[in-house]
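Worksheet: the structure to be examined is printed underneath.
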Amino acid sequence: MVICEIYINRRGINTMEVPRQVEVVAGDTLTLKFINMGHPTHVSISATNSQMYTSFIQENLYVSDVQEYEIPIKDGPYAGVFDLEVVTGYGTKKATFKVFVTKKCEPPPKPAKPAVQSKSLILTINASLALLAVGIVLYIAWLLIGEFEFIDILNLLGFLLVLAGVLLTWWSHRPS
């Protein structure tokens, strides 16, 4: 909530002291705090070119001493500016100030924590490396001793162990 103080009747009858500008974040509320330093008076507030930022158009207030009026600001994707006009003395005195609407600042994303290798992952990697090594040794043995017919089992075992090592490594790296 942003509070904007507007002084009335401080320097004379129907005088107004408004800020030059006010800055409000989209989705927030602009609170106009009227502080009357003299006799009670009627104050008219109107917003021009504000349709994109607020549904507020106009309001007439009777201000005797201190009065607050809230203007909701839409939670939209656009930043920009609109004018607020304050009128007293049945239109004899008028003051205008700008309301700057800024975008909501989103908090920056938290950095991802680095993945910590657990003991089970390390054991899985070691087991897959052992399967790969034994499979390669069996395949090389099959190549070197290829003259016996029963030795073809070494080729099959070597292939299956290498395949098991590759699959074990692949499944251990998949996200869960």
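The chains in the structure tokens are called A, B, ... from first to last as shown; in each chain the residues are counted from 1, and the ligands are counted from 1 in the order shown.
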
Once you count only C-alpha atoms, what closest atom pair and distance in Å to one decimal does each residue of segment 70-158 of chain A within 10 Å of segment 163-169 of chain A have, with rows by chain and rising residue number, as JSON lines?
```
{"residue": "A:Leu121", "atom": "CA", "partner": "A:Thr169", "partner_atom": "CA", "distance": 9.5}
{"residue": "A:Thr124", "atom": "CA", "partner": "A:Thr169", "partner_atom": "CA", "distance": 7.3}
{"residue": "A:Ile125", "atom": "CA", "partner": "A:Thr169", "partner_atom": "CA", "distance": 6.2}
{"residue": "A:Asn126", "atom": "CA", "partner": "A:Thr169", "partner_atom": "CA", "distance": 9.3}
{"residue": "A:Ala127", "atom": "CA", "partner": "A:Gly165", "partner_atom": "CA", "distance": 7.6}
{"residue": "A:Ser128", "atom": "CA", "partner": "A:Gly165", "partner_atom": "CA", "distance": 4.2}
{"residue": "A:Leu129", "atom": "CA", "partner": "A:Gly165", "partner_atom": "CA", "distance": 6.5}
{"residue": "A:Ala130", "atom": "CA", "partner": "A:Gly165", "partner_atom": "CA", "distance": 7.7}
{"residue": "A:Leu131", "atom": "CA", "partner": "A:Gly165", "partner_atom": "CA", "distance": 5.1}
{"residue": "A:Leu132", "atom": "CA", "partner": "A:Gly165", "partner_atom": "CA", "distance": 5.1}
{"residue": "A:Ala133", "atom": "CA", "partner": "A:Gly165", "partner_atom": "CA", "distance": 8.8}
{"residue": "A:Val134", "atom": "CA", "partner": "A:Gly165", "partner_atom": "CA", "distance": 9.6}
{"residue": "A:Gly135", "atom": "CA", "partner": "A:Leu163", "partner_atom": "CA", "distance": 8.5}
{"residue": "A:Leu157", "atom": "CA", "partner": "A:Leu163", "partner_atom": "CA", "distance": 9.8}
{"residue": "A:Gly158", "atom": "CA", "partner": "A:Leu163", "partner_atom": "CA", "distance": 8.6}
```

task = From a DSSP calculation on the backbone, collect every residue of segment 72-101 of chain A in strand (DSSP E) and output the set as a ChimeraX atom specification.
result = /A:72,80-88,93-101

ask   = Given the choices A:Val24, A:Ile122, A:Met37, A:Ile57, which gets closest to Gly12 of chain A if the distance is worked out from only C-alpha atoms?
value =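 Smallest distance to Gly12 of chain A is found for A:Met37.
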
ask   = Leaving out Phe100 of chain A and any residue of its chain fewer than 3 positions from it, which residues lie within 12 Å of it when counting only C-alpha atoms, given as a PyMOL selection string?
value = chain A and resi 2+20-26+30+50+53-54+73+78-84+97+103

Option closest in space to Thr15 of chain A, from A:Gln58, A:Thr41, A:Thr29, A:Asn49 [counting only C-alpha atoms] =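 The answer is A:Thr41, which sits nearest to Thr15 of chain A.
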
task = Enter the distance from atom CA of Trp170 of chain A to atom CA of Lys110 of chain A, in Å, rounded to one decimal.
result =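 Distance between the two atoms: 28.9 Å.
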
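Looking only at segment 4-125 of chain A, the set that DSSP places in alpha helix (DSSP H) from backbone geometry is Lys119, Ser120, Leu121, Ile122, Leu123, Thr124 and Ile125 of chain A.
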
task = Identify, on the basis of only C-alpha atoms, every residue whose closest approach to Pro19 of chain A does not exceed 12 Å; exclude the query and any residue fewer than 2 positions from it along the same chain; express the result as a list in words.
result =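 Everything that qualifies: Ile3, Cys4, Glu5, Ile6, Tyr7, Met16, Glu17, Gln21, Val22, Glu23, Leu32, Lys33, Asp83, Leu84, Glu85, Val86, Ala95, Thr96, Phe97, Lys98 and Val99 of chain A.
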
request  = Between atom CA of Tyr62 of chain A and atom CA of Gly27 of chain A, measure the distance and give it in Å to one decimal.
outcome  =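 So the answer is 27.4 Å.
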
message = Using Å and a single decimal, report how far atom CA of Thr88 of chain A sits from atom CA of Ile13 of chain A.
response =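 Calculated distance between atom CA of Ile13 of chain A and atom CA of Thr88 of chain A is 9.4 Å.
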
request  = Using only C-alpha atoms, determine which residues lie at most 9 Å from Asn14 of chain A, disregarding the query and same-chain residues fewer than 5 positions distant; provide the list as a PyMOL selection string.
outcome  = chain A and resi 8-9+38+41+87-89+92-93

message = Using only C-alpha atoms for the distances, tell me which of A:Ile35, A:Ile153, A:Ala112, A:Ala47 is nearest to Ser64 of chain A.
response =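 Ranked by minimum distance to Ser64 of chain A, first place goes to A:Ile35.
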